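Here's protein_27.cif, which has mmCIF, C-alpha atoms:
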data_final
#
loop_
_atom_site.label_atom_id
_atom_site.label_comp_id
_atom_site.auth_asym_id
_atom_site.auth_seq_id
_atom_site.Cartn_x
_atom_site.Cartn_y
_atom_site.Cartn_z
CA MET A 25 -62.23 -124.54 67.66
CA LEU A 26 -61.55 -123.40 64.09
CA THR A 27 -61.83 -125.90 61.29
CA ARG A 28 -59.19 -125.54 58.63
CA ASN A 29 -61.38 -124.12 55.87
CA ALA A 30 -64.20 -122.31 57.70
CA ALA A 31 -64.46 -119.35 60.06
CA ASP A 32 -66.86 -116.58 61.03
CA VAL A 33 -64.68 -113.94 59.38
CA ILE A 34 -61.60 -113.89 57.15
CA VAL A 35 -59.19 -110.98 57.62
CA VAL A 36 -56.92 -110.37 54.63
CA GLY A 37 -53.70 -108.78 55.86
CA ALA A 38 -51.49 -109.55 58.85
CA GLY A 39 -50.21 -106.05 59.50
CA ALA A 40 -51.19 -103.85 62.42
CA ILE A 41 -54.68 -103.11 61.04
CA GLY A 42 -55.49 -106.72 60.23
CA ALA A 43 -54.10 -107.87 63.57
CA ALA A 44 -56.26 -105.36 65.45
CA CYS A 45 -59.35 -106.41 63.48
CA ALA A 46 -58.64 -110.05 64.32
CA TYR A 47 -57.98 -109.27 67.98
CA TYR A 48 -61.21 -107.36 68.59
CA ALA A 49 -63.27 -109.78 66.51
CA ALA A 50 -61.88 -112.70 68.53
CA ARG A 51 -62.66 -110.85 71.77
CA SER A 52 -66.22 -110.56 70.52
CA GLY A 53 -66.41 -114.35 70.25
CA LEU A 54 -65.88 -114.70 66.50
CA ARG A 55 -63.69 -117.33 64.89
CA VAL A 56 -61.14 -115.54 62.72
CA THR A 57 -58.82 -116.67 59.96
CA VAL A 58 -56.07 -114.18 59.08
CA LEU A 59 -54.51 -114.53 55.63
CA ASP A 60 -51.39 -112.89 54.26
CA ARG A 61 -49.35 -113.65 51.18
CA GLY A 62 -46.21 -112.80 53.15
CA PRO A 63 -45.13 -112.79 56.82
CA VAL A 64 -46.74 -110.97 59.74
CA ALA A 65 -46.06 -107.24 59.36
CA GLY A 66 -44.39 -107.88 56.01
CA GLY A 67 -45.79 -104.75 54.36
CA THR A 68 -46.29 -101.18 55.56
CA THR A 69 -46.31 -102.17 59.25
CA GLY A 70 -42.81 -103.64 59.12
CA ALA A 71 -41.46 -100.48 57.49
CA GLY A 72 -43.03 -98.07 59.98
CA GLU A 73 -41.71 -96.22 62.99
CA GLY A 74 -44.57 -97.26 65.27
CA ASN A 75 -45.93 -93.76 65.83
CA LEU A 76 -49.10 -93.36 67.88
CA LEU A 77 -49.80 -89.70 67.23
CA VAL A 78 -52.44 -87.12 67.93
CA SER A 79 -50.09 -84.16 67.42
CA ASP A 80 -50.21 -84.18 63.61
CA LYS A 81 -53.99 -84.37 63.18
CA GLU A 82 -56.40 -81.48 62.85
CA PRO A 83 -59.86 -81.61 64.46
CA GLY A 84 -62.13 -83.97 62.59
CA PRO A 85 -62.84 -87.67 62.09
CA GLU A 86 -59.21 -88.84 61.92
CA LEU A 87 -58.36 -87.10 65.18
CA GLU A 88 -61.41 -88.68 66.84
CA LEU A 89 -60.18 -92.06 65.65
CA ALA A 90 -56.69 -91.25 66.95
CA LEU A 91 -57.92 -90.21 70.38
CA LEU A 92 -59.93 -93.42 70.75
CA SER A 93 -56.93 -95.45 69.61
CA ASN A 94 -54.72 -93.54 72.04
CA ARG A 95 -56.88 -94.78 74.91
CA LEU A 96 -57.08 -98.31 73.51
CA TRP A 97 -53.30 -98.52 73.04
CA ARG A 98 -52.84 -97.68 76.72
CA GLU A 99 -55.19 -100.56 77.59
CA LEU A 100 -53.38 -102.91 75.20
CA ALA A 101 -50.02 -101.96 76.73
CA GLU A 102 -51.29 -103.39 80.01
CA GLU A 103 -52.38 -106.64 78.36
CA LEU A 104 -49.70 -107.34 75.75
CA PRO A 105 -46.09 -108.28 76.62
CA PRO A 106 -43.53 -105.53 77.20
CA GLU A 107 -41.78 -106.62 73.99
CA ILE A 108 -44.13 -104.38 72.01
CA GLU A 109 -42.05 -101.49 73.47
CA TYR A 110 -45.00 -99.23 74.17
CA GLU A 111 -43.61 -95.91 75.30
CA SER A 112 -45.72 -92.88 76.20
CA LYS A 113 -42.82 -90.58 75.39
CA GLY A 114 -44.82 -87.61 74.13
CA GLY A 115 -44.15 -85.50 71.07
CA LEU A 116 -42.44 -82.17 70.56
CA VAL A 117 -43.19 -80.06 67.49
CA VAL A 118 -40.75 -77.20 66.96
CA ALA A 119 -40.76 -74.05 64.83
CA SER A 120 -37.71 -72.31 63.39
CA GLY A 121 -39.25 -68.84 63.23
CA ALA A 122 -42.07 -66.60 64.40
CA ALA A 123 -44.38 -67.43 61.48
CA GLY A 124 -44.03 -71.17 62.10
CA MET A 125 -44.67 -70.67 65.80
CA ALA A 126 -47.83 -68.68 65.09
CA ALA A 127 -49.07 -71.47 62.82
CA LEU A 128 -48.39 -74.07 65.51
CA ARG A 129 -50.24 -71.95 68.05
CA ASP A 130 -53.34 -71.76 65.84
CA PHE A 131 -53.17 -75.49 65.07
CA ALA A 132 -52.89 -76.41 68.75
CA ALA A 133 -55.81 -74.16 69.70
CA GLY A 134 -58.10 -76.11 67.39
CA GLN A 135 -56.80 -79.45 68.64
CA ARG A 136 -57.48 -78.52 72.26
CA THR A 137 -61.18 -78.09 71.48
CA ALA A 138 -61.18 -81.73 70.35
CA GLY A 139 -59.56 -83.08 73.52
CA VAL A 140 -55.86 -82.96 72.69
CA THR A 141 -53.38 -81.81 75.32
CA ALA A 142 -50.98 -79.34 73.68
CA ASP A 143 -48.64 -77.27 75.87
CA GLU A 144 -46.72 -74.36 74.42
CA VAL A 145 -42.98 -74.45 75.06
CA PRO A 146 -41.13 -71.13 74.74
CA ALA A 147 -37.74 -71.05 73.08
CA ASP A 148 -35.84 -70.82 76.36
CA ARG A 149 -37.51 -73.99 77.70
CA LEU A 150 -37.02 -76.30 74.72
CA HIS A 151 -33.77 -77.65 76.11
CA ASP A 152 -35.52 -78.70 79.31
CA LEU A 153 -37.34 -81.27 77.18
CA GLU A 154 -34.62 -81.99 74.61
CA PRO A 155 -31.12 -80.99 75.80
CA HIS A 156 -29.50 -81.77 72.43
CA LEU A 157 -31.82 -79.67 70.27
CA ALA A 158 -30.22 -77.04 68.04
CA ALA A 159 -30.03 -73.48 69.31
CA GLY A 160 -32.06 -70.65 67.82
CA LEU A 161 -35.46 -72.32 67.46
CA ALA A 162 -38.49 -70.11 68.05
CA GLY A 163 -40.33 -72.53 70.35
CA GLY A 164 -42.68 -75.45 70.06
CA PHE A 165 -45.56 -77.47 71.47
CA HIS A 166 -45.39 -80.53 73.69
CA TYR A 167 -47.97 -83.28 73.12
CA PRO A 168 -47.88 -85.70 76.09
CA GLN A 169 -50.42 -88.07 74.50
CA ASP A 170 -48.08 -89.07 71.65
CA ALA A 171 -46.56 -92.53 72.07
CA GLN A 172 -44.73 -95.27 70.20
CA VAL A 173 -44.64 -99.06 69.82
CA MET A 174 -42.41 -101.49 67.97
CA PRO A 175 -44.89 -102.07 65.12
CA ALA A 176 -44.00 -105.58 63.92
CA LEU A 177 -43.99 -106.99 67.45
CA ALA A 178 -47.21 -105.15 68.30
CA ALA A 179 -48.95 -106.78 65.31
CA ALA A 180 -47.57 -110.21 66.18
CA HIS A 181 -48.67 -110.01 69.81
CA LEU A 182 -52.14 -108.74 68.88
CA LEU A 183 -52.57 -111.83 66.73
CA ARG A 184 -51.27 -114.08 69.49
CA ALA A 185 -53.59 -112.44 72.04
CA GLY A 186 -56.57 -113.64 70.00
CA GLY A 187 -55.79 -117.14 71.27
CA ASP A 188 -57.52 -120.17 69.80
CA GLN A 189 -60.12 -117.94 68.15
CA VAL A 190 -57.54 -116.79 65.59
CA ARG A 191 -55.98 -118.99 62.93
CA LEU A 192 -53.05 -117.49 61.02
CA ARG A 193 -52.30 -118.63 57.47
CA LEU A 194 -49.22 -117.05 55.89
CA GLY A 195 -47.87 -117.37 52.37
CA GLU A 196 -51.36 -117.59 50.87
CA GLU A 197 -52.39 -114.96 48.34
CA VAL A 198 -56.07 -114.23 47.80
CA THR A 199 -56.88 -114.74 44.11
CA GLY A 200 -60.66 -114.34 44.23
CA LEU A 201 -63.71 -113.83 46.41
CA LEU A 202 -66.42 -116.46 46.72
CA THR A 203 -69.95 -115.10 46.47
CA GLY A 204 -73.47 -116.45 46.64
CA ALA A 205 -76.41 -116.10 44.25
CA SER A 206 -77.15 -112.55 45.44
CA GLY A 207 -73.52 -111.44 45.39
CA GLU A 208 -73.01 -111.92 49.11
CA ILE A 209 -69.61 -112.98 50.45
CA ARG A 210 -69.11 -116.69 51.00
CA GLY A 211 -65.32 -116.75 51.43
CA VAL A 212 -62.10 -116.44 49.44
CA ARG A 213 -60.08 -118.39 46.95
CA THR A 214 -56.34 -118.49 47.64
CA THR A 215 -53.27 -120.02 46.07
CA ALA A 216 -53.77 -122.90 48.53
CA GLY A 217 -57.50 -123.47 47.99
CA GLU A 218 -60.84 -122.14 49.20
CA LEU A 219 -61.73 -120.76 52.62
CA HIS A 220 -65.31 -120.16 53.69
CA ALA A 221 -66.78 -117.40 55.84
CA PRO A 222 -69.76 -115.01 55.58
CA TYR A 223 -67.50 -111.98 56.11
CA VAL A 224 -64.21 -110.83 54.62
CA VAL A 225 -62.25 -107.86 56.01
CA ASN A 226 -60.02 -106.08 53.51
CA ALA A 227 -56.98 -105.08 55.58
CA ALA A 228 -54.49 -105.58 52.77
CA GLY A 229 -52.75 -102.23 53.20
CA THR A 230 -51.35 -100.72 50.01
CA TRP A 231 -52.82 -103.63 48.03
CA SER A 232 -56.35 -103.09 49.36
CA GLY A 233 -57.44 -101.57 46.06
CA ASP A 234 -56.50 -104.81 44.31
CA LEU A 235 -58.57 -106.87 46.75
CA ALA A 236 -61.52 -104.49 46.33
CA ARG A 237 -61.35 -104.98 42.57
CA LEU A 238 -61.67 -108.73 43.08
CA ALA A 239 -65.03 -107.90 44.65
CA GLY A 240 -65.97 -105.68 41.71
CA VAL A 241 -65.68 -102.33 43.52
CA ASP A 242 -63.28 -99.41 43.21
CA LEU A 243 -61.27 -98.25 46.20
CA PRO A 244 -58.54 -95.82 45.04
CA VAL A 245 -55.74 -96.87 47.41
CA ARG A 246 -52.34 -95.82 46.11
CA PRO A 247 -48.80 -96.34 47.45
CA ARG A 248 -46.93 -93.35 48.89
CA ARG A 249 -43.25 -94.20 49.37
CA GLY A 250 -41.23 -93.24 52.41
CA PHE A 251 -37.72 -93.88 53.74
CA VAL A 252 -36.54 -94.25 57.35
CA MET A 253 -32.92 -94.15 58.49
CA VAL A 254 -31.78 -96.11 61.54
CA THR A 255 -28.69 -95.06 63.49
CA GLU A 256 -26.33 -97.10 65.61
CA PRO A 257 -27.54 -97.63 69.21
CA LEU A 258 -27.07 -94.53 71.34
CA PRO A 259 -27.68 -93.32 74.86
CA ARG A 260 -31.01 -91.50 75.05
CA VAL A 261 -30.04 -88.36 73.13
CA VAL A 262 -33.59 -87.88 71.81
CA ARG A 263 -36.26 -88.17 74.49
CA HIS A 264 -39.47 -87.49 72.54
CA LYS A 265 -40.72 -87.77 69.01
CA VAL A 266 -39.44 -84.48 67.63
CA TYR A 267 -40.42 -83.00 64.33
CA ALA A 268 -40.46 -79.71 62.50
CA ALA A 269 -43.66 -77.75 61.99
CA ASP A 270 -43.78 -78.39 58.23
CA TYR A 271 -44.26 -82.14 58.83
CA VAL A 272 -47.96 -81.52 59.48
CA ALA A 273 -48.34 -79.86 56.07
CA ASP A 274 -46.51 -82.75 54.38
CA VAL A 275 -48.88 -85.29 55.94
CA ALA A 276 -51.92 -83.35 54.71
CA SER A 277 -50.55 -82.77 51.20
CA GLY A 278 -51.81 -84.72 48.22
CA SER A 279 -48.80 -83.90 46.08
CA ALA A 280 -47.06 -86.72 44.24
CA ALA A 281 -43.74 -84.87 44.42
CA LEU A 282 -41.01 -85.62 46.95
CA GLN A 283 -41.56 -84.02 50.34
CA SER A 284 -39.37 -84.42 53.38
CA SER A 285 -39.38 -82.90 56.84
CA ALA A 286 -37.34 -83.84 59.89
CA VAL A 287 -38.86 -86.43 62.21
CA VAL A 288 -36.43 -87.72 64.84
CA GLU A 289 -37.03 -90.07 67.74
CA GLY A 290 -35.11 -92.36 70.02
CA THR A 291 -36.19 -95.92 70.74
CA ALA A 292 -36.12 -98.12 73.80
CA ALA A 293 -33.55 -100.34 72.07
CA GLY A 294 -31.14 -97.44 71.45
CA PRO A 295 -31.17 -96.58 67.73
CA VAL A 296 -32.55 -93.24 66.60
CA LEU A 297 -35.13 -93.32 63.80
CA ILE A 298 -34.98 -90.53 61.22
CA GLY A 299 -37.75 -89.72 58.73
CA ALA A 300 -39.92 -88.69 57.05
CA SER A 301 -40.23 -88.58 53.28
CA ARG A 302 -43.29 -88.88 51.05
CA GLU A 303 -43.60 -89.34 47.31
CA ARG A 304 -45.90 -91.17 44.92
CA VAL A 305 -43.73 -93.29 42.64
CA GLY A 306 -45.77 -96.49 42.52
CA PHE A 307 -44.06 -99.50 44.11
CA ASP A 308 -40.55 -98.43 43.12
CA ARG A 309 -38.25 -99.62 45.94
CA THR A 310 -35.09 -98.05 44.48
CA LEU A 311 -32.88 -96.51 47.13
CA SER A 312 -32.90 -92.73 46.75
CA VAL A 313 -29.64 -91.10 47.80
CA GLU A 314 -31.29 -87.69 47.38
CA VAL A 315 -33.95 -88.54 49.94
CA LEU A 316 -31.42 -89.89 52.44
CA ARG A 317 -29.25 -86.79 52.10
CA ARG A 318 -32.24 -84.56 52.75
CA LEU A 319 -33.32 -86.56 55.77
CA ALA A 320 -29.83 -86.55 57.22
CA ALA A 321 -29.41 -82.80 56.69
CA GLN A 322 -32.79 -81.99 58.24
CA ALA A 323 -32.20 -84.30 61.21
CA THR A 324 -28.77 -82.88 62.00
CA ALA A 325 -30.16 -79.35 61.69
CA LEU A 326 -32.53 -80.25 64.54
CA PHE A 327 -30.01 -82.35 66.50
CA PRO A 328 -26.40 -81.38 65.65
CA VAL A 329 -25.18 -84.20 67.91
CA LEU A 330 -26.31 -86.67 65.22
CA ALA A 331 -23.77 -85.35 62.70
CA GLY A 332 -21.12 -87.74 64.02
CA VAL A 333 -23.42 -90.75 64.34
CA ARG A 334 -23.42 -93.66 61.89
CA ALA A 335 -26.58 -94.66 60.05
CA LEU A 336 -26.54 -98.47 60.09
CA ARG A 337 -29.37 -99.06 57.67
CA THR A 338 -32.33 -97.58 55.89
CA TYR A 339 -35.62 -99.09 54.85
CA VAL A 340 -38.43 -98.20 52.51
CA GLY A 341 -42.16 -98.62 52.92
CA PHE A 342 -45.36 -97.73 51.10
CA ARG A 343 -48.15 -95.92 52.89
CA PRO A 344 -51.66 -96.84 51.69
CA TYR A 345 -52.94 -93.47 50.51
CA LEU A 346 -56.54 -92.46 49.76
CA PRO A 347 -57.24 -89.13 48.01
CA ASP A 348 -59.09 -87.49 50.93
CA HIS A 349 -56.51 -88.65 53.52
CA LEU A 350 -59.11 -90.63 55.48
CA PRO A 351 -59.18 -94.43 55.77
CA ALA A 352 -61.98 -96.65 54.53
CA ILE A 353 -63.48 -98.46 57.51
CA GLY A 354 -66.61 -100.55 57.80
CA PRO A 355 -69.10 -102.52 55.70
CA ASP A 356 -69.24 -102.03 51.93
CA PRO A 357 -72.95 -101.81 50.99
CA ARG A 358 -72.11 -102.79 47.41
CA VAL A 359 -70.96 -106.27 48.46
CA PRO A 360 -72.80 -107.80 51.44
CA GLY A 361 -70.30 -109.34 53.84
CA LEU A 362 -67.31 -107.30 52.64
CA LEU A 363 -65.75 -104.85 55.10
CA HIS A 364 -62.79 -102.53 54.57
CA ALA A 365 -60.08 -101.47 57.01
CA CYS A 366 -57.48 -99.73 54.90
CA GLY A 367 -56.12 -96.45 53.53
CA HIS A 368 -54.67 -95.14 56.80
CA GLU A 369 -51.56 -93.83 55.01
CA GLY A 370 -48.78 -93.29 57.59
CA ALA A 371 -51.08 -93.43 60.62
CA GLY A 372 -52.07 -97.08 60.51
CA ILE A 373 -50.15 -98.23 63.59
CA GLY A 374 -51.66 -95.47 65.69
CA LEU A 375 -55.19 -95.91 64.34
CA ALA A 376 -55.21 -99.73 64.39
CA PRO A 377 -57.05 -100.39 67.68
CA ALA A 378 -59.96 -98.05 66.98
CA THR A 379 -60.22 -99.44 63.44
CA GLY A 380 -60.27 -102.98 64.77
CA LEU A 381 -62.95 -102.11 67.32
CA VAL A 382 -65.12 -100.46 64.64
CA VAL A 383 -64.82 -103.55 62.43
CA ALA A 384 -65.62 -105.93 65.31
CA ARG A 385 -68.71 -103.91 66.25
CA SER A 386 -69.83 -103.94 62.61
CA LEU A 387 -69.41 -107.71 62.45
CA THR A 388 -71.43 -108.32 65.59
CA GLY A 389 -74.13 -105.69 65.09
CA GLY A 390 -72.88 -103.54 67.93
CA GLU A 391 -72.94 -99.77 68.22
CA PRO A 392 -69.90 -98.12 66.60
CA PRO A 393 -67.59 -96.52 69.17
CA LEU A 394 -67.64 -93.27 67.15
CA ASP A 395 -69.28 -91.76 64.08
CA ILE A 396 -67.87 -93.61 61.05
CA THR A 397 -69.80 -91.72 58.36
CA ARG A 398 -66.71 -90.03 56.91
CA PHE A 399 -64.92 -93.39 56.61
CA ARG A 400 -67.58 -94.99 54.36
CA PRO A 401 -65.84 -97.17 51.75
CA GLU A 402 -68.35 -96.28 49.02
CA ARG A 403 -67.69 -92.52 49.22
CA PHE A 404 -65.41 -92.48 46.19
CA PRO A 405 -66.74 -92.17 42.61
CA GLN A 406 -66.80 -95.47 40.75
CA SER A 407 -65.22 -95.79 37.33
CA ALA A 408 -67.50 -96.67 34.47
#

Written as structure tokens, that's how I'd like the structure from this file.
Amino acid sequence: MLTRNAADVIVVGAGAIGAACAYYAARSGLRVTVLDRGPVAGGTTGAGEGNLLVSDKEPGPELELALLSNRLWRELAEELPPEIEYESKGGLVVASGAAGMAALRDFAAGQRTAGVTADEVPADRLHDLEPHLAAGLAGGFHYPQDAQVMPALAAAHLLRAGGDQVRLRLGEEVTGLLTGASGEIRGVRTTAGELHAPYVVNAAGTWSGDLARLAGVDLPVRPRRGFVMVTEPLPRVVRHKVYAADYVADVASGSAALQSSAVVEGTAAGPVLIGASRERVGFDRTLSVEVLRRLAAQATALFPVLAGVRALRTYVGFRPYLPDHLPAIGPDPRVPGLLHACGHEGAGIGLAPATGLVVARSLTGGEPPLDITRFRPERFPQSA
């Protein structure tokens, strides 16, 4: 049983990443305390669409992480309650013209070499997959491995699945890290007192850079704002996750300027989710009418049927962005006992299980499930 102020590992952050770290650490026999200054999934996770994607990732370390997570999510869907709304709906990426289709074809060819299933869909077969798609598109690619969950409930049930090995403490902000004579981690100081553990996992999402600075290290995590529109409940007019070809370029871009590209998907509960926008404006939560207009126009260009549908609400979130578009995962050699699990940008829900498994293996001295060299937290230059 956990005592109130001691554990084997403290996980800072109760979003999808922190929940997955706690879940796999608990399965490894560790006693885990999860801290968050807000509620479960109160940050980026609660403002996400729940995408579990391989379709938007080029061959490389992030795609390897996504493919492992894809398998782990299927296993978790068998273990966790159906309320997480896991749906292996598949994705459909469409091109408006010949040049876009050629680019998709080249992109898919590279992905196939890495183990992704990508099936070309000619223009005259698009409506077999999505009857309400606009006419005149050049074609697309179907990705049957893409899936979706309800992110907040997925995080909550991962934490619950840890059982008695996981203690959850909400409304407690970490104000400092406790260290020993050699700088090793001994625990954390919070607004409610001290907690002791030989390991701390930084899964604080967009605020992970702040937590790293408490440990005396630089981790250049920055917020990248995005809006999502939610329609009234509908019959299943959108069967897959459907997005335009330029979405992949937006994900890979490091620009601070506003970018938007149509991403449309139905949900098991009925509403259609419409995204996606990206811009670096700090933590400014101001509603942007310009962004919403662009999203609505792009979505209805893909699905004209949505033109007469009401948008019931919109929400804003901040993706934790690192300059090279790869997360920081694993032990920080600069601070013994500190591990990072952050910087996943908009892919955190999808990459959570593999990240959690990597962290659990690191905590217990096990073999990593994949090569984590490119995710090293210390890879960024340190300020003087």

Quiz item: Do you know which residues are at most 7 Å from stretch 329-336 of chain A counting all atoms listed in the file, after dropping those on the same chain fewer than 5 positions away, and could you put them as a list in words?
Solution: His156, Met253, Val254, Thr255, Glu256 and Thr324 of chain A

Go ahead and save the picked residues with C-alpha atoms, as a short mmCIF file (atom, residue, chain, number, x, y, z; two decimals), in the coordinates of the input.
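The new file result.cif reads:
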data_model
loop_
_atom_site.label_atom_id
_atom_site.label_comp_id
_atom_site.auth_asym_id
_atom_site.auth_seq_id
_atom_site.Cartn_x
_atom_site.Cartn_y
_atom_site.Cartn_z
CA HIS A 156 -29.50 -81.77 72.43
CA MET A 253 -32.92 -94.15 58.49
CA VAL A 254 -31.78 -96.11 61.54
CA THR A 255 -28.69 -95.06 63.49
CA GLU A 256 -26.33 -97.10 65.61
CA THR A 324 -28.77 -82.88 62.00
#

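Residues in contact with stretch 51-64 of chain A at up to 6 Å, not including ones fewer than 4 positions away on its chain and judged by only C-alpha atoms, are Ala31, Asp32, Val33, Ile34, Val35, Val36, Gly37, Ala38, Gln189, Val190, Arg191, Leu192, Arg193, Leu194, Gly195, Glu196 and Glu197 of chain A.
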
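Between A:His368 and the residues A:Ala292, A:Ala40, A:Ile396, A:Leu96, the shortest atom-to-atom distance, using all atoms listed in the file, involves A:Ala40.
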
Exercise. Determine the residue membership of the PyMOL selection byres ((chain A and resi 239-245) around 7) for the file above and supply it as number ranges by chain.
Key: A: 201, 230, 232-233, 235-238, 246-247, 344-346, 367, 406

Selected residues written out, C-alpha atoms, as a short mmCIF file (atom, residue, chain, number, x, y, z; two decimals), in the coordinates of the input:
data_model
loop_
_atom_site.label_atom_id
_atom_site.label_comp_id
_atom_site.auth_asym_id
_atom_site.auth_seq_id
_atom_site.Cartn_x
_atom_site.Cartn_y
_atom_site.Cartn_z
CA LEU A 201 -63.71 -113.83 46.41
CA THR A 230 -51.35 -100.72 50.01
CA SER A 232 -56.35 -103.09 49.36
CA GLY A 233 -57.44 -101.57 46.06
CA LEU A 235 -58.57 -106.87 46.75
CA ALA A 236 -61.52 -104.49 46.33
CA ARG A 237 -61.35 -104.98 42.57
CA LEU A 238 -61.67 -108.73 43.08
CA ARG A 246 -52.34 -95.82 46.11
CA PRO A 247 -48.80 -96.34 47.45
CA PRO A 344 -51.66 -96.84 51.69
CA TYR A 345 -52.94 -93.47 50.51
CA LEU A 346 -56.54 -92.46 49.76
CA GLY A 367 -56.12 -96.45 53.53
CA GLN A 406 -66.80 -95.47 40.75
#

Quiz item: What's the 10 Å shell around A:Ala132, counting only C-alpha atoms, without same-chain residues fewer than 6 positions away, as a PyMOL selection string?
Solution: chain A and resi 79-83+126+138+140-144+165-167

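Run against this file, the PyMOL selection byres ((chain A and resi 47) around 8) gives back A:Ala43, A:Ala44, A:Cys45, A:Ala46, A:Tyr48, A:Ala49, A:Ala50, A:Arg51, A:Leu182, A:Leu183, A:Ala185, A:Gly186, A:Val190, A:Gly380.
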
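Ranking A:Ala293, A:Ala371, A:Leu326, A:Leu394 by their shortest atom-to-atom distance to A:Arg343, with only C-alpha atoms included, puts A:Ala371 first.
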
What are the centre and edge lengths in Å, to one decimal, of the axis-aligned box around all listed atoms of stretch 356-362 of chain A with 3 Å added on each side, as AutoDock Vina command-line options?
--center_x -70.1 --center_y -105.6 --center_z 50.6 --size_x 11.6 --size_y 13.5 --size_z 12.4

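From atom CA of A:Ile373 back to atom CA of A:Gly299, the distance works out to 15.8 Å.
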